[in-house]
$ cat data-v9.cif   # mmCIF, C-alpha atoms
data_upload
#
loop_
_atom_site.label_atom_id
_atom_site.label_comp_id
_atom_site.auth_asym_id
_atom_site.auth_seq_id
_atom_site.Cartn_x
_atom_site.Cartn_y
_atom_site.Cartn_z
CA MET A 131 -14.38 -2.68 -4.34
CA GLU A 132 -14.38 1.10 -4.65
CA HIS A 133 -13.38 3.16 -1.67
CA LEU A 134 -15.53 6.21 -1.14
CA GLY A 135 -13.79 8.25 1.45
CA ALA A 136 -11.92 11.42 2.06
CA PRO A 137 -11.33 13.78 -0.89
CA ARG A 138 -8.04 12.96 -2.59
CA ARG A 139 -6.00 13.26 -5.76
CA GLY A 140 -6.20 10.56 -8.40
CA ILE A 141 -3.48 7.94 -8.73
CA ILE A 142 -1.53 6.80 -11.79
CA PHE A 143 -1.00 3.05 -11.41
CA ILE A 144 1.70 1.71 -13.72
CA LEU A 145 1.98 -1.97 -14.52
CA SER A 146 5.17 -3.23 -16.18
CA ALA A 147 6.60 -6.69 -16.71
CA PRO A 148 9.05 -8.68 -18.79
CA SER A 149 7.31 -10.10 -21.86
CA GLY A 150 5.40 -13.28 -21.11
CA ALA A 151 4.79 -12.54 -17.41
CA GLY A 152 1.05 -12.06 -17.95
CA LYS A 153 0.80 -8.30 -17.56
CA THR A 154 -1.70 -7.66 -20.36
CA THR A 155 -4.17 -10.19 -18.98
CA ILE A 156 -3.85 -8.84 -15.43
CA SER A 157 -4.33 -5.30 -16.69
CA ARG A 158 -7.42 -6.16 -18.76
CA GLU A 159 -9.04 -8.13 -15.92
CA ALA A 160 -8.14 -5.49 -13.32
CA LEU A 161 -10.10 -2.87 -15.24
CA LYS A 162 -13.18 -5.08 -14.92
CA ALA A 163 -12.63 -6.35 -11.36
CA ILE A 164 -11.32 -3.28 -9.51
CA GLY A 165 -13.78 -0.45 -9.04
CA GLY A 166 -12.88 3.08 -10.05
CA LEU A 167 -9.90 2.16 -12.19
CA GLU A 168 -9.82 3.60 -15.73
CA ALA A 169 -7.71 2.68 -18.73
CA SER A 170 -5.63 5.28 -20.48
CA VAL A 171 -5.94 5.26 -24.26
CA SER A 172 -2.44 5.26 -25.76
CA LEU A 173 -1.37 6.87 -28.96
CA THR A 174 0.38 4.49 -31.36
CA THR A 175 1.90 4.50 -34.81
CA ARG A 176 1.33 0.81 -35.42
CA ARG A 177 -1.58 -0.42 -37.55
CA PRO A 178 -4.77 -1.61 -35.81
CA ARG A 179 -4.97 -5.37 -35.30
CA SER A 180 -8.21 -7.16 -36.06
CA GLY A 181 -10.88 -6.24 -33.53
CA GLU A 182 -9.07 -3.19 -32.15
CA VAL A 183 -11.25 -0.10 -31.92
CA GLU A 184 -9.94 3.43 -32.59
CA GLY A 185 -10.20 5.63 -29.49
CA PHE A 186 -10.86 2.63 -27.25
CA ASP A 187 -7.90 0.27 -27.60
CA TYR A 188 -5.61 2.93 -29.04
CA SER A 189 -5.62 6.20 -30.89
CA PHE A 190 -3.98 5.22 -34.17
CA VAL A 191 -1.92 8.00 -35.69
CA SER A 192 0.70 8.45 -38.39
CA GLU A 193 4.41 8.80 -37.64
CA GLU A 194 4.20 12.51 -38.49
CA GLU A 195 1.24 13.09 -36.19
CA PHE A 196 2.98 11.21 -33.36
CA ILE A 197 6.13 13.30 -33.70
CA ARG A 198 4.08 16.51 -33.87
CA ARG A 199 2.24 15.72 -30.64
CA ARG A 200 5.39 14.54 -28.89
CA GLU A 201 7.22 17.72 -29.81
CA ALA A 202 4.26 19.84 -28.71
CA GLY A 203 4.67 18.28 -25.23
CA GLU A 204 1.34 16.49 -25.42
CA LEU A 205 2.73 13.13 -24.24
CA ALA A 206 3.36 12.22 -20.61
CA GLU A 207 5.62 9.38 -21.74
CA TRP A 208 6.49 7.67 -24.96
CA ALA A 209 8.54 4.70 -26.07
CA CYS A 210 9.50 2.78 -29.15
CA VAL A 211 8.62 -0.92 -28.97
CA PHE A 212 9.08 -3.36 -31.88
CA GLU A 213 9.50 -0.51 -34.38
CA ALA A 214 6.29 1.30 -33.45
CA SER A 215 5.89 4.32 -31.18
CA TYR A 216 3.54 4.38 -28.22
CA GLY A 217 2.66 7.33 -26.01
CA THR A 218 0.33 8.42 -23.19
CA PRO A 219 -1.59 11.67 -23.74
CA ARG A 220 -0.74 14.10 -20.96
CA ALA A 221 -3.91 16.20 -20.73
CA ALA A 222 -6.28 13.31 -19.96
CA LEU A 223 -3.89 11.91 -17.38
CA GLU A 224 -3.48 15.17 -15.50
CA ARG A 225 -7.20 15.88 -15.58
CA ALA A 226 -7.88 12.46 -14.00
CA VAL A 227 -5.39 13.09 -11.18
CA ALA A 228 -6.84 16.54 -10.46
CA GLU A 229 -10.37 15.10 -10.41
CA GLY A 230 -9.48 12.22 -8.08
CA ARG A 231 -9.89 9.49 -10.70
CA ASP A 232 -7.44 6.58 -10.85
CA ILE A 233 -5.77 5.48 -14.08
CA LEU A 234 -4.12 2.17 -14.92
CA LEU A 235 -1.25 2.37 -17.39
CA ASP A 236 0.01 -0.81 -18.99
CA ILE A 237 3.38 0.46 -20.20
CA ASP A 238 6.96 -0.64 -20.59
CA ILE A 239 9.95 0.07 -18.38
CA GLN A 240 11.07 3.20 -20.26
CA GLY A 241 7.58 4.73 -20.06
CA ALA A 242 7.17 3.81 -16.38
CA HIS A 243 10.41 5.60 -15.60
CA GLN A 244 9.28 8.77 -17.40
CA ILE A 245 5.92 8.87 -15.61
CA LYS A 246 7.52 8.29 -12.19
CA GLU A 247 9.96 11.14 -12.84
CA LYS A 248 7.21 13.50 -13.97
CA TYR A 249 4.63 12.58 -11.30
CA PRO A 250 6.62 11.29 -8.31
CA ARG A 251 3.74 12.00 -5.91
CA ASP A 252 0.91 10.57 -7.99
CA ALA A 253 2.48 7.58 -9.74
CA VAL A 254 2.59 4.10 -8.22
CA THR A 255 4.69 1.53 -10.05
CA ILE A 256 4.02 -2.20 -9.99
CA PHE A 257 6.25 -4.84 -11.52
CA VAL A 258 4.91 -8.25 -12.48
CA LEU A 259 7.24 -11.26 -12.58
CA PRO A 260 6.59 -14.86 -13.55
CA PRO A 261 7.03 -17.31 -10.62
CA SER A 262 10.35 -18.35 -12.19
CA PHE A 263 12.10 -18.28 -15.53
CA ALA A 264 11.63 -22.04 -15.86
CA GLU A 265 7.88 -21.38 -15.55
CA LEU A 266 8.09 -18.59 -18.14
CA GLU A 267 9.91 -20.91 -20.55
CA GLY A 268 7.17 -23.51 -20.06
CA ARG A 269 4.48 -20.92 -20.83
CA LEU A 270 6.22 -19.82 -24.02
CA ARG A 271 6.62 -23.41 -25.20
CA LYS A 272 3.00 -24.24 -24.42
CA ARG A 273 1.80 -21.44 -26.69
CA GLY A 274 3.49 -23.35 -29.52
CA THR A 275 3.55 -20.27 -31.74
CA GLU A 276 7.33 -19.87 -31.87
CA ASP A 277 10.36 -21.95 -32.78
CA GLU A 278 13.25 -22.71 -30.41
CA ARG A 279 15.33 -19.78 -31.53
CA ALA A 280 12.51 -17.29 -31.01
CA ILE A 281 11.77 -18.76 -27.57
CA ALA A 282 15.43 -18.51 -26.55
CA LYS A 283 15.50 -14.89 -27.72
CA ARG A 284 12.33 -14.02 -25.81
CA LEU A 285 13.66 -15.65 -22.65
CA LYS A 286 16.91 -13.74 -22.86
CA ARG A 287 14.99 -10.51 -23.32
CA ALA A 288 12.67 -11.33 -20.39
CA ARG A 289 15.64 -11.97 -18.10
CA GLU A 290 17.10 -8.60 -19.06
CA GLU A 291 13.79 -6.79 -18.57
CA ALA A 292 13.28 -8.50 -15.19
CA ARG A 293 16.33 -6.66 -13.85
CA ALA A 294 14.26 -3.47 -13.69
CA TYR A 295 12.22 -4.62 -10.67
CA PRO A 296 14.29 -2.75 -8.01
CA ASP A 297 13.12 0.59 -9.47
CA TYR A 298 9.46 -0.24 -8.83
CA ASP A 299 7.31 0.32 -5.74
CA TYR A 300 5.60 -3.07 -5.68
CA LEU A 301 6.33 -6.55 -6.94
CA ILE A 302 3.63 -9.05 -7.87
CA ILE A 303 4.74 -12.61 -8.55
CA ASN A 304 2.15 -13.88 -11.01
CA ASP A 305 1.49 -17.39 -9.67
CA SER A 306 -2.15 -17.25 -10.71
CA LEU A 307 -4.36 -14.60 -12.30
CA LYS A 308 -6.76 -14.70 -9.35
CA ASP A 309 -4.05 -14.11 -6.72
CA SER A 310 -2.41 -11.42 -8.82
CA LEU A 311 -5.73 -9.56 -9.12
CA THR A 312 -6.28 -9.80 -5.36
CA ARG A 313 -2.80 -8.41 -4.76
CA LEU A 314 -3.21 -5.62 -7.29
CA ASN A 315 -6.55 -4.77 -5.67
CA SER A 316 -4.80 -4.49 -2.29
CA VAL A 317 -2.22 -2.13 -3.75
CA VAL A 318 -4.95 0.03 -5.31
CA GLU A 319 -7.04 0.11 -2.11
CA ALA A 320 -4.04 0.83 0.10
CA GLU A 321 -2.70 3.62 -2.10
CA ARG A 322 -6.14 5.25 -1.98
CA LEU A 323 -5.72 5.51 1.80
CA ARG A 324 -2.37 7.28 1.71
CA VAL A 325 -2.35 10.48 3.72
CA ARG A 326 -0.21 12.29 1.17
CA ARG A 327 -2.99 11.99 -1.45
CA LEU A 328 -5.55 13.86 0.66
CA ARG A 329 -6.70 17.10 -0.89
CA GLU A 330 -6.15 20.30 1.02
CA ASP A 331 -9.84 20.60 1.81
CA PHE A 332 -9.71 17.38 3.83
CA ALA A 333 -9.35 19.12 7.20
CA ALA A 334 -12.56 21.06 6.48
CA TRP A 335 -14.31 17.96 5.14
CA MET A 336 -13.66 16.10 8.39
CA ASN A 337 -15.59 18.44 10.66
CA MET B 186 -5.33 -13.88 3.79
CA GLU B 187 -1.62 -14.56 4.19
CA HIS B 188 0.70 -13.82 1.31
CA LEU B 189 3.35 -16.46 0.77
CA GLY B 190 5.76 -15.02 -1.68
CA ALA B 191 9.24 -13.70 -2.14
CA PRO B 192 11.56 -13.63 0.90
CA ARG B 193 11.24 -10.32 2.71
CA ARG B 194 11.77 -8.45 5.97
CA GLY B 195 8.96 -8.26 8.51
CA ILE B 196 6.85 -5.12 8.86
CA ILE B 197 5.95 -3.10 11.95
CA PHE B 198 2.37 -1.90 11.47
CA ILE B 199 1.44 0.91 13.84
CA LEU B 200 -2.17 1.82 14.52
CA SER B 201 -2.90 5.13 16.26
CA ALA B 202 -6.09 7.12 16.73
CA PRO B 203 -7.68 9.81 18.83
CA SER B 204 -9.50 8.26 21.78
CA GLY B 205 -12.96 6.97 20.86
CA ALA B 206 -12.18 6.36 17.17
CA GLY B 207 -12.39 2.58 17.57
CA LYS B 208 -8.72 1.68 17.28
CA THR B 209 -8.65 -0.97 20.01
CA THR B 210 -11.52 -2.92 18.46
CA ILE B 211 -9.99 -2.73 14.96
CA SER B 212 -6.64 -3.86 16.33
CA ARG B 213 -8.11 -6.82 18.25
CA GLU B 214 -10.22 -7.98 15.29
CA ALA B 215 -7.36 -7.47 12.81
CA LEU B 216 -5.20 -9.93 14.75
CA LYS B 217 -7.91 -12.55 14.22
CA ALA B 218 -8.91 -11.67 10.65
CA ILE B 219 -5.60 -10.88 8.96
CA GLY B 220 -3.22 -13.80 8.49
CA GLY B 221 0.37 -13.57 9.67
CA LEU B 222 -0.11 -10.53 11.88
CA GLU B 223 1.18 -10.82 15.45
CA ALA B 224 0.55 -8.67 18.49
CA SER B 225 3.39 -7.14 20.42
CA VAL B 226 3.16 -7.57 24.19
CA SER B 227 3.72 -4.17 25.81
CA LEU B 228 5.38 -3.51 29.10
CA THR B 229 3.24 -1.44 31.48
CA THR B 230 3.38 -0.05 34.98
CA ARG B 231 -0.39 0.04 35.42
CA ARG B 232 -2.20 -2.67 37.40
CA PRO B 233 -3.85 -5.54 35.49
CA ARG B 234 -7.57 -5.06 34.85
CA SER B 235 -9.94 -7.94 35.41
CA GLY B 236 -9.38 -10.68 32.81
CA GLU B 237 -6.01 -9.40 31.64
CA VAL B 238 -3.34 -12.08 31.43
CA GLU B 239 0.34 -11.43 32.27
CA GLY B 240 2.56 -12.00 29.26
CA PHE B 241 -0.40 -12.04 26.87
CA ASP B 242 -2.22 -8.72 27.25
CA TYR B 243 0.73 -6.98 28.88
CA SER B 244 3.89 -7.63 30.84
CA PHE B 245 3.06 -5.96 34.14
CA VAL B 246 6.11 -4.45 35.83
CA SER B 247 6.92 -2.06 38.64
CA GLU B 248 7.95 1.57 38.03
CA GLU B 249 11.53 0.66 39.01
CA GLU B 250 11.67 -2.27 36.60
CA PHE B 251 10.23 -0.13 33.79
CA ILE B 252 12.83 2.59 34.33
CA ARG B 253 15.62 0.00 34.56
CA ARG B 254 14.65 -1.57 31.21
CA ARG B 255 14.12 1.78 29.54
CA GLU B 256 17.55 3.01 30.64
CA ALA B 257 19.15 -0.25 29.50
CA GLY B 258 17.83 0.54 25.99
CA GLU B 259 15.45 -2.42 25.99
CA LEU B 260 12.44 -0.43 24.76
CA ALA B 261 11.80 0.46 21.11
CA GLU B 262 9.36 3.16 22.24
CA TRP B 263 7.71 4.22 25.43
CA ALA B 264 5.10 6.72 26.52
CA CYS B 265 3.27 7.92 29.57
CA VAL B 266 -0.53 7.73 29.21
CA PHE B 267 -2.95 8.54 32.05
CA GLU B 268 -0.19 8.35 34.67
CA ALA B 269 1.06 4.90 33.70
CA SER B 270 4.04 4.02 31.51
CA TYR B 271 3.81 1.79 28.44
CA GLY B 272 6.65 0.47 26.32
CA THR B 273 7.42 -1.92 23.46
CA PRO B 274 10.26 -4.41 24.04
CA ARG B 275 12.91 -3.90 21.40
CA ALA B 276 14.43 -7.39 21.10
CA ALA B 277 11.20 -9.20 20.15
CA LEU B 278 10.33 -6.50 17.60
CA GLU B 279 13.69 -6.61 15.87
CA ARG B 280 13.72 -10.41 15.83
CA ALA B 281 10.31 -10.43 14.10
CA VAL B 282 11.48 -8.00 11.40
CA ALA B 283 14.65 -10.01 10.75
CA GLU B 284 12.62 -13.23 10.51
CA GLY B 285 10.03 -11.78 8.12
CA ARG B 286 7.17 -11.78 10.62
CA ASP B 287 4.73 -8.84 10.78
CA ILE B 288 3.82 -7.13 14.03
CA LEU B 289 0.81 -4.93 14.83
CA LEU B 290 1.43 -2.22 17.40
CA ASP B 291 -1.55 -0.47 18.94
CA ILE B 292 0.25 2.57 20.33
CA ASP B 293 -0.22 6.29 20.82
CA ILE B 294 1.10 9.18 18.75
CA GLN B 295 4.31 9.65 20.77
CA GLY B 296 5.19 5.97 20.49
CA ALA B 297 4.37 5.85 16.77
CA HIS B 298 6.73 8.74 16.18
CA GLN B 299 9.58 6.99 18.03
CA ILE B 300 9.14 3.74 16.10
CA LYS B 301 8.99 5.52 12.74
CA GLU B 302 12.21 7.39 13.59
CA LYS B 303 13.98 4.22 14.68
CA TYR B 304 12.74 1.93 11.89
CA PRO B 305 11.93 4.21 8.92
CA ARG B 306 12.25 1.33 6.47
CA ASP B 307 10.25 -1.26 8.37
CA ALA B 308 7.52 0.76 10.08
CA VAL B 309 4.15 1.54 8.46
CA THR B 310 1.93 4.01 10.29
CA ILE B 311 -1.85 4.00 10.08
CA PHE B 312 -4.12 6.61 11.61
CA VAL B 313 -7.75 5.87 12.39
CA LEU B 314 -10.29 8.69 12.48
CA PRO B 315 -14.00 8.66 13.29
CA PRO B 316 -16.21 9.61 10.30
CA SER B 317 -16.73 13.01 11.96
CA PHE B 318 -16.47 14.62 15.36
CA ALA B 319 -20.26 14.80 15.54
CA GLU B 320 -20.26 11.02 15.12
CA LEU B 321 -17.58 10.65 17.80
CA GLU B 322 -19.64 12.77 20.18
CA GLY B 323 -22.65 10.56 19.51
CA ARG B 324 -20.61 7.44 20.25
CA LEU B 325 -19.35 8.85 23.53
CA ARG B 326 -22.86 9.85 24.61
CA LYS B 327 -24.28 6.46 23.66
CA ARG B 328 -21.83 4.71 25.98
CA GLY B 329 -23.53 6.62 28.80
CA THR B 330 -20.58 6.07 31.12
CA GLU B 331 -19.55 9.71 31.42
CA ASP B 332 -21.09 13.04 32.37
CA GLU B 333 -21.24 16.08 30.07
CA ARG B 334 -18.02 17.57 31.39
CA ALA B 335 -16.06 14.36 30.85
CA ILE B 336 -17.49 14.01 27.32
CA ALA B 337 -16.55 17.59 26.45
CA LYS B 338 -13.03 16.99 27.78
CA ARG B 339 -12.65 13.78 25.78
CA LEU B 340 -13.88 15.47 22.61
CA LYS B 341 -11.46 18.33 23.03
CA ARG B 342 -8.62 15.84 23.52
CA ALA B 343 -9.73 13.79 20.48
CA ARG B 344 -9.74 16.91 18.28
CA GLU B 345 -6.21 17.71 19.40
CA GLU B 346 -5.00 14.14 18.85
CA ALA B 347 -6.62 14.05 15.40
CA ARG B 348 -4.23 16.77 14.25
CA ALA B 349 -1.45 14.18 14.12
CA TYR B 350 -2.82 12.49 10.97
CA PRO B 351 -0.51 14.27 8.47
CA ASP B 352 2.50 12.48 10.00
CA TYR B 353 1.08 9.04 9.19
CA ASP B 354 1.37 6.93 6.04
CA TYR B 355 -2.26 5.84 5.80
CA LEU B 356 -5.60 7.13 6.98
CA ILE B 357 -8.57 4.89 7.71
CA ILE B 358 -11.91 6.60 8.31
CA ASN B 359 -13.71 4.20 10.63
CA ASP B 360 -17.23 4.21 9.14
CA SER B 361 -17.77 0.57 10.03
CA LEU B 362 -15.63 -2.12 11.64
CA LYS B 363 -16.03 -4.35 8.60
CA ASP B 364 -14.86 -1.73 6.10
CA SER B 365 -12.01 -0.66 8.34
CA LEU B 366 -10.77 -4.25 8.59
CA THR B 367 -10.95 -4.63 4.80
CA ARG B 368 -8.95 -1.43 4.39
CA LEU B 369 -6.38 -2.42 6.97
CA ASN B 370 -6.06 -5.81 5.25
CA SER B 371 -5.34 -4.02 1.96
CA VAL B 372 -2.63 -1.95 3.60
CA VAL B 373 -1.04 -5.07 5.12
CA GLU B 374 -1.20 -7.03 1.85
CA ALA B 375 0.13 -4.14 -0.21
CA GLU B 376 3.01 -3.38 2.13
CA ARG B 377 4.02 -7.05 1.93
CA LEU B 378 4.49 -6.55 -1.83
CA ARG B 379 6.83 -3.59 -1.55
CA VAL B 380 10.06 -4.06 -3.46
CA ARG B 381 12.11 -2.37 -0.77
CA ARG B 382 11.23 -5.13 1.73
CA LEU B 383 12.70 -7.91 -0.41
CA ARG B 384 15.63 -9.66 1.21
CA GLU B 385 18.96 -9.62 -0.56
CA ASP B 386 18.64 -13.28 -1.49
CA PHE B 387 15.57 -12.51 -3.62
CA ALA B 388 17.49 -12.34 -6.91
CA ALA B 389 18.82 -15.86 -6.26
CA TRP B 390 15.39 -17.10 -5.10
CA MET B 391 13.80 -16.00 -8.39
CA ASN B 392 15.82 -18.28 -10.66
#
$ encode --input "data-v9.cif" --output "structure tokens"
Amino acid sequence: MEHLGAPRRGIIFILSAPSGAGKTTISREALKAIGGLEASVSLTTRRPRSGEVEGFDYSFVSEEEFIRRREAGELAEWACVFEASYGTPRAALERAVAEGRDILLDIDIQGAHQIKEKYPRDAVTIFVLPPSFAELEGRLRKRGTEDERAIAKRLKRAREEARAYPDYDYLIINDSLKDSLTRLNSVVEAERLRVRRLREDFAAWMN
Amino acid sequence: MEHLGAPRRGIIFILSAPSGAGKTTISREALKAIGGLEASVSLTTRRPRSGEVEGFDYSFVSEEEFIRRREAGELAEWACVFEASYGTPRAALERAVAEGRDILLDIDIQGAHQIKEKYPRDAVTIFVLPPSFAELEGRLRKRGTEDERAIAKRLKRAREEARAYPDYDYLIINDSLKDSLTRLNSVVEAERLRVRRLREDFAAWMN
């Protein structure tokens, strides 16, 4: 599904969602299904979970190392989620954009905001919502991993997080994984056709 | 390929191109291939060509009638092309947008500019270019309907018209009809997901 066309800058696609909306699955499948979309490897201070590979899933660093890099301006965005810090290395991101490669960032609302501020021309923000909160509640219950109090807390948090959607460019209602991937693919393909992403050598390229 | 989702405003998709780039074919096929896309019936002062149906292909009117409607503010855009006048009726267009229906306008650069000015929020402009001017020249020659002088004149005009692309939102390089339709479909699907098109009752709809 890759579009080989006019020379253009790369795009930073940002996917955010309230917890439980299915963002992580969409993001993982999109990297397989949509051509020319690369993952960004985040820096994190949390410990690796079983199966996670250093330098592939995350770059695992100490608190001190994270702070050092953040203060050296090496992070394009960073956020604190569930008592761990997460950040996106700036150099790799900017190199991708300059080289016309497209990156998919699976980050939270705070991080999305920072990236959009820093790269207003190159960042495209996409918000994923569950079809309804009743549906989200059903999904959480079905997992069966949490008690009533934890579910209620998660739902409350999700409703709060959902309020961020007006700040995003696109909204995908996650009815089904298949439809959401088709929609995300349309957003990626369309954004690749935007005139404002054309490189300055386009006029010469055309002749 | 129709997206049934959150309640939203309709979109005015505008397709423009230098002559010979293949816009008319893309536009005609898009109306068949892309779900939920309607044609707008233009007003024109030129005579019907063989096979053209009044009220379907065009509304054919006299010069006097055209001027009367234009001066009454009934046209969303109008332009003079090859000594005939063409215009888009305003009422039908605005009704479609309010009702959440999407319209495809196959209009020239002047008309596209007027629509974008009048409906900056609802209009999406797409420019179609041939893969190269050498390719365009080949296509014109292959038709065999024109002499060298006419071909040279057309090419010169096409090069001039092509300069308008920076004012558009999207650029489609028409390598093949199939790929162009896929790209146009992505633009349509993506624009339908834009947060800024959501109707004000969306927040209520979500719960």
$ resolve_selection --input "data-v9.cif" --expression "the PyMOL selection byres ((chain B) within 8 of (chain A))" --output "list of chain:residue names"
B:Gly190, B:Ala191, B:Pro316, B:Ser317, B:Phe318, B:Ala319, B:Tyr350, B:Pro351, B:Tyr353, B:Asp354, B:Tyr355, B:Leu356, B:Ile357, B:Ile358, B:Arg368, B:Leu369, B:Asn370, B:Ser371, B:Val372, B:Glu374, B:Ala375, B:Glu376, B:Leu378, B:Arg379, B:Val380, B:Arg381, B:Met391, B:Asn392
$ residues_near_point --input "data-v9.cif" --point "(9.1, -14.5, 15.4)" --cutoff "12 Å" --atoms "all atoms listed in the file" --output "PDB file with C-alpha atoms, in the frame of the given file"
ATOM      1  CA  ARG B 194      11.770  -8.450   5.970  1.00  0.00           C
ATOM      2  CA  GLY B 195       8.960  -8.260   8.510  1.00  0.00           C
ATOM      3  CA  ILE B 196       6.850  -5.120   8.860  1.00  0.00           C
ATOM      4  CA  GLY B 221       0.370 -13.570   9.670  1.00  0.00           C
ATOM      5  CA  LEU B 222      -0.110 -10.530  11.880  1.00  0.00           C
ATOM      6  CA  GLU B 223       1.180 -10.820  15.450  1.00  0.00           C
ATOM      7  CA  ALA B 224       0.550  -8.670  18.490  1.00  0.00           C
ATOM      8  CA  SER B 225       3.390  -7.140  20.420  1.00  0.00           C
ATOM      9  CA  ALA B 276      14.430  -7.390  21.100  1.00  0.00           C
ATOM     10  CA  ALA B 277      11.200  -9.200  20.150  1.00  0.00           C
ATOM     11  CA  LEU B 278      10.330  -6.500  17.600  1.00  0.00           C
ATOM     12  CA  GLU B 279      13.690  -6.610  15.870  1.00  0.00           C
ATOM     13  CA  ARG B 280      13.720 -10.410  15.830  1.00  0.00           C
ATOM     14  CA  ALA B 281      10.310 -10.430  14.100  1.00  0.00           C
ATOM     15  CA  VAL B 282      11.480  -8.000  11.400  1.00  0.00           C
ATOM     16  CA  ALA B 283      14.650 -10.010  10.750  1.00  0.00           C
ATOM     17  CA  GLU B 284      12.620 -13.230  10.510  1.00  0.00           C
ATOM     18  CA  GLY B 285      10.030 -11.780   8.120  1.00  0.00           C
ATOM     19  CA  ARG B 286       7.170 -11.780  10.620  1.00  0.00           C
ATOM     20  CA  ASP B 287       4.730  -8.840  10.780  1.00  0.00           C
ATOM     21  CA  ILE B 288       3.820  -7.130  14.030  1.00  0.00           C
TER      22      ILE B 288
END
$ residues_around --input "data-v9.cif" --residues "His243 in chain A" --least-positions-apart "3" --cutoff "12 Å" --atoms "all atoms listed in the file" --output "list in words"
Ile144, Leu145, Ser146, Ala206, Glu207, Trp208, Ala209, Ile237, Asp238, Ile239, Gln240, Lys246, Glu247, Lys248, Tyr249, Pro250, Ala253, Val254, Thr255, Ile256, Phe257, Ala294, Tyr295, Pro296, Asp297, Tyr298 and Asp299 of chain A
$ write_last_selection --input "data-v9.cif" --atoms "C-alpha atoms" --output "PDB file, keeping the file's coordinate frame"
ATOM      1  CA  ILE A 144       1.700   1.710 -13.720  1.00  0.00           C
ATOM      2  CA  LEU A 145       1.980  -1.970 -14.520  1.00  0.00           C
ATOM      3  CA  SER A 146       5.170  -3.230 -16.180  1.00  0.00           C
ATOM      4  CA  ALA A 206       3.360  12.220 -20.610  1.00  0.00           C
ATOM      5  CA  GLU A 207       5.620   9.380 -21.740  1.00  0.00           C
ATOM      6  CA  TRP A 208       6.490   7.670 -24.960  1.00  0.00           C
ATOM      7  CA  ALA A 209       8.540   4.700 -26.070  1.00  0.00           C
ATOM      8  CA  ILE A 237       3.380   0.460 -20.200  1.00  0.00           C
ATOM      9  CA  ASP A 238       6.960  -0.640 -20.590  1.00  0.00           C
ATOM     10  CA  ILE A 239       9.950   0.070 -18.380  1.00  0.00           C
ATOM     11  CA  GLN A 240      11.070   3.200 -20.260  1.00  0.00           C
ATOM     12  CA  LYS A 246       7.520   8.290 -12.190  1.00  0.00           C
ATOM     13  CA  GLU A 247       9.960  11.140 -12.840  1.00  0.00           C
ATOM     14  CA  LYS A 248       7.210  13.500 -13.970  1.00  0.00           C
ATOM     15  CA  TYR A 249       4.630  12.580 -11.300  1.00  0.00           C
ATOM     16  CA  PRO A 250       6.620  11.290  -8.310  1.00  0.00           C
ATOM     17  CA  ALA A 253       2.480   7.580  -9.740  1.00  0.00           C
ATOM     18  CA  VAL A 254       2.590   4.100  -8.220  1.00  0.00           C
ATOM     19  CA  THR A 255       4.690   1.530 -10.050  1.00  0.00           C
ATOM     20  CA  ILE A 256       4.020  -2.200  -9.990  1.00  0.00           C
ATOM     21  CA  PHE A 257       6.250  -4.840 -11.520  1.00  0.00           C
ATOM     22  CA  ALA A 294      14.260  -3.470 -13.690  1.00  0.00           C
ATOM     23  CA  TYR A 295      12.220  -4.620 -10.670  1.00  0.00           C
ATOM     24  CA  PRO A 296      14.290  -2.750  -8.010  1.00  0.00           C
ATOM     25  CA  ASP A 297      13.120   0.590  -9.470  1.00  0.00           C
ATOM     26  CA  TYR A 298       9.460  -0.240  -8.830  1.00  0.00           C
ATOM     27  CA  ASP A 299       7.310   0.320  -5.740  1.00  0.00           C
TER      28      ASP A 299
END
$ resolve_selection --input "data-v9.cif" --expression "the PyMOL selection byres ((chain A and resi 149-158) around 9)" --output "PyMOL selection string"
chain A and resi 145-148+159-162+169+234-236+257-261+266-267+269-270+284-285+287-288+291+303-304+307-308+310-311+314
$ atom_distance --input "data-v9.cif" --atom1 "CA of Thr275 in chain A" --atom2 "CA of Ala292 in chain A"
22.5 Å
$ resolve_selection --input "data-v9.cif" --expression "the PyMOL selection byres ((chain B and resi 242-245) around 9)" --output "list in words"
Ser225, Val226, Ser227, Leu228, Thr229, Thr230, Arg231, Arg232, Pro233, Glu237, Val238, Glu239, Gly240, Phe241, Val246 and Ser247 of chain B
$ write_last_selection --input "data-v9.cif" --atoms "C-alpha atoms" --output "short mmCIF file (atom, residue, chain, number, x, y, z; two decimals), keeping the file's coordinate frame"
data_model
loop_
_atom_site.label_atom_id
_atom_site.label_comp_id
_atom_site.auth_asym_id
_atom_site.auth_seq_id
_atom_site.Cartn_x
_atom_site.Cartn_y
_atom_site.Cartn_z
CA SER B 225 3.39 -7.14 20.42
CA VAL B 226 3.16 -7.57 24.19
CA SER B 227 3.72 -4.17 25.81
CA LEU B 228 5.38 -3.51 29.10
CA THR B 229 3.24 -1.44 31.48
CA THR B 230 3.38 -0.05 34.98
CA ARG B 231 -0.39 0.04 35.42
CA ARG B 232 -2.20 -2.67 37.40
CA PRO B 233 -3.85 -5.54 35.49
CA GLU B 237 -6.01 -9.40 31.64
CA VAL B 238 -3.34 -12.08 31.43
CA GLU B 239 0.34 -11.43 32.27
CA GLY B 240 2.56 -12.00 29.26
CA PHE B 241 -0.40 -12.04 26.87
CA VAL B 246 6.11 -4.45 35.83
CA SER B 247 6.92 -2.06 38.64
#
$ atom_distance --input "data-v9.cif" --atom1 "CA of Pro137 in chain A" --atom2 "CA of Asp331 in chain A"
7.5 Å
$ atom_distance --input "data-v9.cif" --atom1 "CA of Arg254 in chain B" --atom2 "CA of Ser235 in chain B"
25.7 Å
